[in-house]
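With compact mmCIF, C-alpha atoms inside, this is my_file_6.txt:
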# COMPACT_ATOMS: atom_id res chain seq x y z
CA MET A 4 0.00 0.00 0.00
CA SER A 5 1.40 3.39 -1.01
CA LYS A 6 1.70 6.39 1.31
CA VAL A 7 -1.13 8.12 -0.50
CA GLU A 8 -3.43 5.12 -0.05
CA LYS A 9 -2.49 4.95 3.63
CA ALA A 10 -3.28 8.65 4.06
CA LEU A 11 -6.67 8.23 2.43
CA GLN A 12 -7.36 5.19 4.58
CA LYS A 13 -6.54 7.18 7.71
CA ALA A 14 -8.71 10.07 6.52
CA ARG A 15 -11.70 7.78 6.18
CA ALA A 16 -11.15 6.23 9.59
CA MET A 17 -10.36 9.29 11.71
CA ASP A 18 -12.45 12.21 12.95
CA ASP A 19 -9.79 14.10 14.91
CA VAL A 20 -6.34 15.44 14.16
CA ALA A 21 -3.97 12.53 13.64
CA GLN A 22 -0.37 12.63 14.75
CA ALA A 23 1.76 9.84 13.37
CA THR A 24 4.97 8.42 14.75
CA PRO A 25 7.87 10.41 13.25
CA THR A 26 9.17 8.83 10.07
CA THR A 27 12.68 8.85 8.77
CA ALA A 28 14.00 11.90 6.95
CA SER A 29 13.41 12.05 3.21
CA ALA A 30 16.05 10.84 0.82
CA ALA A 31 16.55 14.40 -0.40
CA ALA A 32 17.27 15.61 3.12
CA GLN A 33 19.54 12.63 3.86
CA GLU A 34 21.61 13.19 0.76
CA ARG A 35 22.38 16.79 1.67
CA PRO A 36 25.54 16.80 3.79
CA LEU A 37 25.59 18.67 7.08
CA ILE A 38 28.88 20.55 6.77
CA LEU A 39 28.40 23.25 9.39
CA SER A 40 29.85 22.92 12.84
CA ALA A 41 27.93 23.77 16.02
CA LYS A 42 30.05 26.94 16.23
CA ASP A 43 28.98 27.96 12.72
CA ILE A 44 25.30 27.37 13.50
CA ALA A 45 25.57 29.33 16.75
CA ALA A 46 27.12 32.23 14.86
CA TYR A 47 24.21 32.34 12.41
CA THR A 48 21.62 31.93 15.17
CA ALA A 49 23.12 34.86 17.08
CA GLN A 50 22.34 37.08 14.08
CA ILE A 51 18.60 36.29 14.11
CA PRO A 52 17.58 38.84 16.79
CA ARG A 53 19.36 41.51 14.76
CA MET A 54 17.32 40.95 11.60
CA SER A 55 16.01 44.34 10.55
CA GLN A 56 12.27 44.86 10.91
CA LYS A 57 10.98 48.12 9.44
CA PHE A 58 7.31 47.32 9.91
CA GLN A 59 5.33 44.80 11.92
CA MET A 60 1.66 43.92 11.67
CA GLU A 61 -0.61 44.59 14.62
CA ARG A 62 -2.80 41.79 15.93
CA SER A 63 -5.85 43.28 14.21
CA ASP A 64 -3.95 43.26 10.90
CA LEU A 65 -2.88 39.66 11.43
CA SER A 66 -6.45 38.60 12.18
CA GLU A 67 -7.75 40.38 9.10
CA ALA A 68 -5.05 38.76 6.96
CA LYS A 69 -5.80 35.33 8.51
CA ILE A 70 -2.28 34.94 9.86
CA ILE A 71 -1.70 33.08 13.10
CA TYR A 72 0.04 34.63 16.08
CA GLN A 73 0.99 33.11 19.39
CA GLU A 74 -1.54 34.95 21.58
CA MET A 75 -4.57 34.54 19.31
CA GLU A 76 -7.86 33.58 20.90
CA ASP A 77 -8.41 30.31 19.04
CA ALA A 78 -5.39 28.37 20.27
CA ARG A 79 -6.49 25.29 18.32
CA VAL A 80 -5.61 26.95 15.03
CA VAL A 81 -2.13 27.90 16.25
CA GLU A 82 -1.58 24.41 17.65
CA SER A 83 -2.48 22.74 14.35
CA PHE A 84 0.27 24.67 12.57
CA ARG A 85 2.71 24.02 15.40
CA GLN A 86 2.01 20.31 14.91
CA MET A 87 2.78 20.62 11.19
CA ARG A 88 6.03 22.40 11.99
CA THR A 89 7.03 19.79 14.58
CA HIS A 90 6.35 16.90 12.22
CA ILE A 91 8.44 18.52 9.50
CA LEU A 92 11.31 19.18 11.92
CA GLN A 93 11.21 15.55 13.07
CA ASN A 94 11.50 14.39 9.47
CA ALA A 95 14.19 16.91 8.53
CA GLY A 96 16.47 16.05 11.43
CA PRO A 97 19.28 18.54 12.11
CA ARG A 98 19.06 20.16 8.67
CA ASN A 99 16.85 22.98 7.47
CA CYS A 100 14.54 22.11 4.60
CA VAL A 101 12.32 23.23 1.73
CA VAL A 102 8.60 22.41 2.02
CA LEU A 103 6.24 22.56 -0.95
CA VAL A 104 2.57 23.28 -0.20
CA THR A 105 0.08 22.64 -2.99
CA SER A 106 -3.61 21.82 -3.23
CA VAL A 107 -5.74 19.30 -5.05
CA VAL A 108 -7.85 21.93 -6.82
CA PRO A 109 -7.66 25.71 -7.43
CA ASP A 110 -8.57 27.83 -4.39
CA GLY A 111 -8.05 24.81 -2.16
CA GLY A 112 -6.32 26.75 0.61
CA ALA A 113 -2.65 26.06 -0.14
CA SER A 114 -1.67 29.74 0.10
CA PHE A 115 -3.31 30.03 3.53
CA VAL A 116 -1.57 26.88 4.78
CA ALA A 117 1.81 27.87 3.29
CA LEU A 118 1.66 31.34 4.85
CA ASN A 119 0.77 30.10 8.30
CA LEU A 120 3.22 27.21 8.22
CA ALA A 121 5.97 29.77 7.55
CA ALA A 122 4.60 31.92 10.39
CA ALA A 123 4.77 28.90 12.71
CA PHE A 124 8.44 28.36 11.85
CA ALA A 125 9.07 32.03 12.65
CA PHE A 126 7.57 31.56 16.14
CA ASP A 127 10.82 29.84 17.11
CA GLU A 128 13.42 32.47 18.00
CA SER A 129 16.21 30.16 16.83
CA LYS A 130 14.76 29.86 13.31
CA THR A 131 13.80 32.07 10.39
CA ALA A 132 11.16 31.46 7.74
CA LEU A 133 11.14 32.33 4.06
CA LEU A 134 7.88 32.07 2.12
CA ILE A 135 8.20 32.03 -1.67
CA ASP A 136 5.14 32.76 -3.79
CA CYS A 137 5.60 30.44 -6.76
CA ARG A 138 2.21 31.27 -8.25
CA LEU A 139 3.65 33.28 -11.10
CA ARG A 140 0.39 33.34 -13.07
CA ASP A 141 -1.76 34.40 -10.14
CA PRO A 142 0.30 35.87 -7.26
CA GLN A 143 -1.21 35.36 -3.80
CA GLN A 144 1.17 36.82 -1.21
CA ASP A 145 1.94 40.34 -2.48
CA ARG A 146 -0.33 41.90 0.16
CA LEU A 147 2.20 41.00 2.86
CA VAL A 148 4.84 43.35 1.55
CA GLY A 149 4.83 46.85 3.00
CA GLY A 150 5.00 49.46 0.24
CA ASP A 151 5.54 48.88 -3.46
CA ILE A 152 7.05 45.67 -4.78
CA HIS A 153 9.94 46.48 -7.07
CA TYR A 154 11.16 42.95 -7.71
CA GLY A 155 9.87 39.41 -7.18
CA LEU A 156 10.55 35.86 -8.27
CA THR A 157 9.58 36.39 -11.92
CA ASP A 158 11.90 39.38 -12.20
CA TYR A 159 14.80 37.39 -10.77
CA LEU A 160 14.22 34.39 -13.04
CA GLU A 161 13.92 36.53 -16.17
CA ALA A 162 16.76 39.01 -15.58
CA GLU A 163 20.27 37.99 -14.58
CA ASP A 164 21.06 41.50 -13.34
CA VAL A 165 18.46 41.21 -10.56
CA GLU A 166 20.14 40.01 -7.36
CA VAL A 167 18.76 37.78 -4.62
CA GLY A 168 18.77 40.58 -2.06
CA GLN A 169 16.46 42.64 -4.25
CA ILE A 170 13.64 40.10 -4.20
CA ILE A 171 13.56 39.27 -0.47
CA HIS A 172 11.11 41.48 1.44
CA GLU A 173 9.88 41.83 5.00
CA GLY A 174 6.53 40.21 5.65
CA GLY A 175 5.36 42.06 8.74
CA LEU A 176 6.36 39.29 11.17
CA PRO A 177 9.56 38.84 13.19
CA ARG A 178 12.04 36.40 11.62
CA PHE A 179 9.79 36.10 8.55
CA ARG A 180 10.74 37.01 5.00
CA LEU A 181 8.91 36.78 1.70
CA ILE A 182 9.82 36.47 -1.96
CA PRO A 183 6.67 37.62 -3.78
CA ALA A 184 5.83 36.38 -7.25
CA GLY A 185 6.45 39.80 -8.77
CA ARG A 186 5.18 40.38 -12.27
CA LYS A 187 2.66 37.89 -13.59
CA SER A 188 4.04 35.43 -16.12
CA ASP A 189 2.37 32.90 -18.38
CA ALA A 190 5.66 31.02 -18.58
CA GLY A 191 5.47 29.99 -14.95
CA THR A 192 6.30 26.30 -15.40
CA GLU A 193 9.30 27.04 -17.61
CA HIS A 194 10.63 29.60 -15.12
CA LEU A 195 10.20 27.27 -12.15
CA ASP A 196 11.90 24.44 -14.02
CA SER A 197 14.93 26.56 -14.92
CA ARG A 198 18.49 26.13 -13.71
CA ARG A 199 18.33 29.64 -12.23
CA MET A 200 15.39 28.60 -10.02
CA ARG A 201 17.18 25.48 -8.82
CA ASP A 202 20.31 27.46 -8.04
CA LEU A 203 18.24 30.06 -6.18
CA ILE A 204 16.63 27.47 -3.90
CA ALA A 205 19.99 25.81 -3.23
CA HIS A 206 21.52 29.19 -2.37
CA LEU A 207 18.67 30.22 -0.06
CA ARG A 208 18.68 26.88 1.75
CA ASP A 209 22.40 26.44 2.17
CA ARG A 210 23.45 29.97 3.06
CA TYR A 211 21.53 30.10 6.36
CA PRO A 212 21.14 26.85 8.35
CA ASP A 213 18.37 28.40 10.46
CA ARG A 214 16.19 29.23 7.44
CA TYR A 215 13.14 27.10 6.64
CA ILE A 216 11.70 27.67 3.19
CA VAL A 217 8.04 27.22 2.26
CA LEU A 218 6.98 27.18 -1.39
CA ASP A 219 3.40 28.23 -2.18
CA ALA A 220 2.44 26.53 -5.45
CA ALA A 221 -0.59 26.36 -7.71
CA SER A 222 -2.70 23.21 -7.61
CA SER A 223 -1.83 20.25 -9.80
CA ALA A 224 -5.13 20.81 -11.59
CA GLU A 225 -3.96 24.21 -12.82
CA ALA A 226 -0.47 23.51 -14.14
CA ALA A 227 2.60 21.31 -13.86
CA ASP A 228 4.23 23.80 -11.46
CA ALA A 229 3.77 21.62 -8.37
CA SER A 230 5.39 18.61 -10.05
CA VAL A 231 8.36 20.72 -11.08
CA LEU A 232 8.77 22.24 -7.62
CA ALA A 233 8.41 18.85 -5.93
CA GLU A 234 11.71 17.87 -7.52
CA ILE A 235 13.61 20.61 -5.69
CA ALA A 236 11.67 20.44 -2.41
CA ASP A 237 12.55 18.15 0.48
CA PHE A 238 8.95 17.58 1.53
CA VAL A 239 5.45 18.02 0.09
CA LEU A 240 2.16 18.79 1.85
CA LEU A 241 -1.09 18.32 -0.07
CA VAL A 242 -4.00 20.58 0.94
CA VAL A 243 -7.53 19.23 0.50
CA PRO A 244 -10.53 21.59 0.77
CA TYR A 245 -12.95 19.83 3.09
CA GLY A 246 -16.03 18.40 1.38
CA LYS A 247 -15.13 19.76 -2.05
CA VAL A 248 -13.12 16.97 -3.69
CA THR A 249 -13.37 13.22 -4.17
CA GLU A 250 -10.85 10.58 -3.19
CA SER A 251 -10.07 10.02 -6.86
CA GLN A 252 -9.12 13.70 -7.18
CA ILE A 253 -6.84 13.41 -4.17
CA TRP A 254 -5.24 10.31 -5.64
CA SER A 255 -4.78 12.02 -9.02
CA ALA A 256 -3.06 14.99 -7.37
CA ALA A 257 -0.83 12.86 -5.16
CA LYS A 258 0.23 10.08 -7.50
CA GLY A 259 3.01 12.19 -9.03
CA ILE A 260 4.60 13.00 -5.64
CA ASP A 261 7.71 11.11 -4.62
CA GLU A 262 6.63 8.93 -1.69
CA GLN A 263 9.87 9.71 0.14
CA LYS A 264 8.88 13.40 0.12
CA PHE A 265 5.13 13.10 0.68
CA LEU A 266 4.40 14.15 4.29
CA GLY A 267 0.63 13.98 4.35
CA VAL A 268 -2.73 15.58 3.63
CA VAL A 269 -4.02 18.77 5.26
CA PHE A 270 -7.80 19.12 5.35
CA ASN A 271 -8.67 22.80 5.13
CA ASP A 272 -11.91 24.58 6.07
CA GLU A 273 -13.20 21.76 8.23
CA PRO A 274 -16.03 22.56 10.68
CA GLN A 275 -13.72 21.17 13.40
CA PRO A 276 -10.06 22.12 14.04
CA ARG A 277 -7.83 21.67 10.99
CA ARG A 278 -7.02 17.98 10.43
CA VAL A 279 -3.71 16.62 9.19
CA ILE A 280 -3.23 13.01 8.11
CA TRP A 281 0.45 12.14 8.40
CA ASN A 282 2.25 9.24 6.80
Go ahead and express the file in the form of structure tokens.
Amino acid sequence: MSKVEKALQKARAMDDVAQATPTTASAAAQERPLILSAKDIAAYTAQIPRMSQKFQMERSDLSEAKIIYQEMEDARVVESFRQMRTHILQNAGPRNCVVLVTSVVPDGGASFVALNLAAAFAFDESKTALLIDCRLRDPQQDRLVGGDIHYGLTDYLEAEDVEVGQIIHEGGLPRFRLIPAGRKSDAGTEHLDSRRMRDLIAHLRDRYPDRYIVLDAASSAEAADASVLAEIADFVLLVVPYGKVTESQIWSAAKGIDEQKFLGVVFNDEPQPRRVIWN
């Protein structure tokens, strides 16, 4: 029985949030050598409190934007994302990682889950989070950037004179950064499958050992973007809008995901607290 079949079996059998026994790290994460010493990691970690923060959202702004924060009234929502973060950390081991979040169908909630998963990583004062909006045809995360967006992912992938530092923006949360999609592009799949994109992800992941990267991708029903990004991600989360898709649709979306990378299914918009079926 495949991981996808197991996840669907668990989804049918369970009514509450399921927490599985931690599995081994993915092959992608295992293959990446850990070359930094404890001294090196401590040096990077010491820089985290000094990350510049020109603007920060108020609680009312966070609530309006549907972004979790530690003191929010509905602690169940915060806890569900903490559980996601913990499961990912258990699978990643001592290394940082790249997590792809995609949905079964358009408007399935992947952008919401990706944003709040990154926010949950940023809760930890020893870690930083980087959310990358990979929806080049229909950007979703631009609203998080204070002021005008001069450059985003599309600009970087299309122009070699655009530097990495020009596309990373503050996102209104401590220890949280965002690479917005930038200009819309109909060549999204080709851009995401380029050598420049692969080199960018490798650079962002390897330069800072405390940085956890979350990729917000379009659904598999919209384009091949998720399949392309799954190749460069360490882990994949599949978001399922509650009551809006069939098991065959879930299977169709998940069958192209490497089972070593597939973490589980997140049920979004449930009448009860958000449910996650882990493998």
- Excluding Lys264 in chain A and any residue of its chain fewer than 3 positions from it, enumerate the residues within 7 Å of it, using only C-alpha atoms, and give them as a PyMOL selection string. chain A and resi 29+237-239+261
- Message: Could you check the closest approach to Ser188 in chain A for each of A:Leu139, A:Ile235, A:Ile260, A:Val217 and tell me which residue wins, using only C-alpha atoms?
- Response: A:Leu139
- Query: Which value, in Å to one decimal, gives the distance between CA of Leu103 in chain A and CA of Leu218 in chain A?
  - Reply: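 Calculated distance between CA of Leu103 in chain A and CA of Leu218 in chain A is 4.7 Å.
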- Item | Interatomic distance, CA of Glu76 in chain A to CA of Asn119 in chain A (Å, one decimal) |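 One can read the CA of Glu76 in chain A to CA of Asn119 in chain A distance as 15.7 Å.
Proximity to Ala220 in chain A was assessed for A:Asp136, A:Asp141, A:Glu161, A:Glu61 counting only C-alpha atoms; the smallest distance is recorded for A:Asp136.
Our summary of the geometry notes that CA of Ser222 in chain A is positioned 15.0 Å from CA of Thr249 in chain A.
For the set A:Asp189, A:Phe270, A:Arg180, A:Glu67, the residue with the smallest atom-to-atom gap to Pro244 in chain A is A:Phe270, counting only C-alpha atoms.
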- Task: Excluding Ile91 in chain A and residues on its chain fewer than 2 positions from it, collect all residues at most 10 Å away from it, counting only C-alpha atoms, and give them as a ChimeraX atom specification.
- Result: /A:25-26,28,85-89,93-96,99-102,237-240,266
For range 167-174 of chain A, work out the shell of residues within 12 Å, counting only C-alpha atoms and skipping chain neighbours fewer than 5 positions away, then give it as an mmCIF file with C-alpha atoms, keeping the file's coordinate frame.
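So the final result, stored in result_16.cif, reads:
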data_model
loop_
_atom_site.group_PDB
_atom_site.id
_atom_site.type_symbol
_atom_site.label_atom_id
_atom_site.label_comp_id
_atom_site.auth_asym_id
_atom_site.auth_seq_id
_atom_site.Cartn_x
_atom_site.Cartn_y
_atom_site.Cartn_z
ATOM 1 C CA MET A 54 17.320 40.950 11.600
ATOM 2 C CA SER A 55 16.010 44.340 10.550
ATOM 3 C CA GLN A 56 12.270 44.860 10.910
ATOM 4 C CA LYS A 57 10.980 48.120 9.440
ATOM 5 C CA PHE A 58 7.310 47.320 9.910
ATOM 6 C CA GLN A 59 5.330 44.800 11.920
ATOM 7 C CA MET A 60 1.660 43.920 11.670
ATOM 8 C CA LEU A 65 -2.880 39.660 11.430
ATOM 9 C CA ALA A 68 -5.050 38.760 6.960
ATOM 10 C CA ILE A 70 -2.280 34.940 9.860
ATOM 11 C CA LEU A 118 1.660 31.340 4.850
ATOM 12 C CA ASN A 119 0.770 30.100 8.300
ATOM 13 C CA ALA A 121 5.970 29.770 7.550
ATOM 14 C CA ALA A 122 4.600 31.920 10.390
ATOM 15 C CA ALA A 125 9.070 32.030 12.650
ATOM 16 C CA THR A 131 13.800 32.070 10.390
ATOM 17 C CA ALA A 132 11.160 31.460 7.740
ATOM 18 C CA LEU A 133 11.140 32.330 4.060
ATOM 19 C CA LEU A 134 7.880 32.070 2.120
ATOM 20 C CA ILE A 135 8.200 32.030 -1.670
ATOM 21 C CA ASP A 136 5.140 32.760 -3.790
ATOM 22 C CA GLN A 144 1.170 36.820 -1.210
ATOM 23 C CA ASP A 145 1.940 40.340 -2.480
ATOM 24 C CA ARG A 146 -0.330 41.900 0.160
ATOM 25 C CA LEU A 147 2.200 41.000 2.860
ATOM 26 C CA VAL A 148 4.840 43.350 1.550
ATOM 27 C CA GLY A 149 4.830 46.850 3.000
ATOM 28 C CA GLY A 150 5.000 49.460 0.240
ATOM 29 C CA ASP A 151 5.540 48.880 -3.460
ATOM 30 C CA ILE A 152 7.050 45.670 -4.780
ATOM 31 C CA HIS A 153 9.940 46.480 -7.070
ATOM 32 C CA TYR A 154 11.160 42.950 -7.710
ATOM 33 C CA GLY A 155 9.870 39.410 -7.180
ATOM 34 C CA LEU A 156 10.550 35.860 -8.270
ATOM 35 C CA THR A 157 9.580 36.390 -11.920
ATOM 36 C CA ASP A 158 11.900 39.380 -12.200
ATOM 37 C CA TYR A 159 14.800 37.390 -10.770
ATOM 38 C CA LEU A 160 14.220 34.390 -13.040
ATOM 39 C CA ALA A 162 16.760 39.010 -15.580
ATOM 40 C CA PHE A 179 9.790 36.100 8.550
ATOM 41 C CA ARG A 180 10.740 37.010 5.000
ATOM 42 C CA LEU A 181 8.910 36.780 1.700
ATOM 43 C CA ILE A 182 9.820 36.470 -1.960
ATOM 44 C CA PRO A 183 6.670 37.620 -3.780
ATOM 45 C CA ALA A 184 5.830 36.380 -7.250
ATOM 46 C CA GLY A 185 6.450 39.800 -8.770
ATOM 47 C CA ARG A 186 5.180 40.380 -12.270
ATOM 48 C CA ARG A 199 18.330 29.640 -12.230
ATOM 49 C CA MET A 200 15.390 28.600 -10.020
ATOM 50 C CA ASP A 202 20.310 27.460 -8.040
ATOM 51 C CA LEU A 203 18.240 30.060 -6.180
ATOM 52 C CA ILE A 204 16.630 27.470 -3.900
ATOM 53 C CA HIS A 206 21.520 29.190 -2.370
ATOM 54 C CA LEU A 207 18.670 30.220 -0.060
ATOM 55 C CA ARG A 210 23.450 29.970 3.060
#
Quick one: residues within 10 Å of Arg201 in chain A, all atoms listed in the file counted, chain neighbours fewer than 6 positions away excluded, as a tab-separated table (two decimals) with C-alpha atoms, keeping the file's coordinate frame?
chain	number	residue	atom	x	y	z
A	194	HIS	CA	10.63	29.60	-15.12
A	195	LEU	CA	10.20	27.27	-12.15
A	232	LEU	CA	8.77	22.24	-7.62
A	234	GLU	CA	11.71	17.87	-7.52
A	235	ILE	CA	13.61	20.61	-5.69
A	236	ALA	CA	11.67	20.44	-2.41
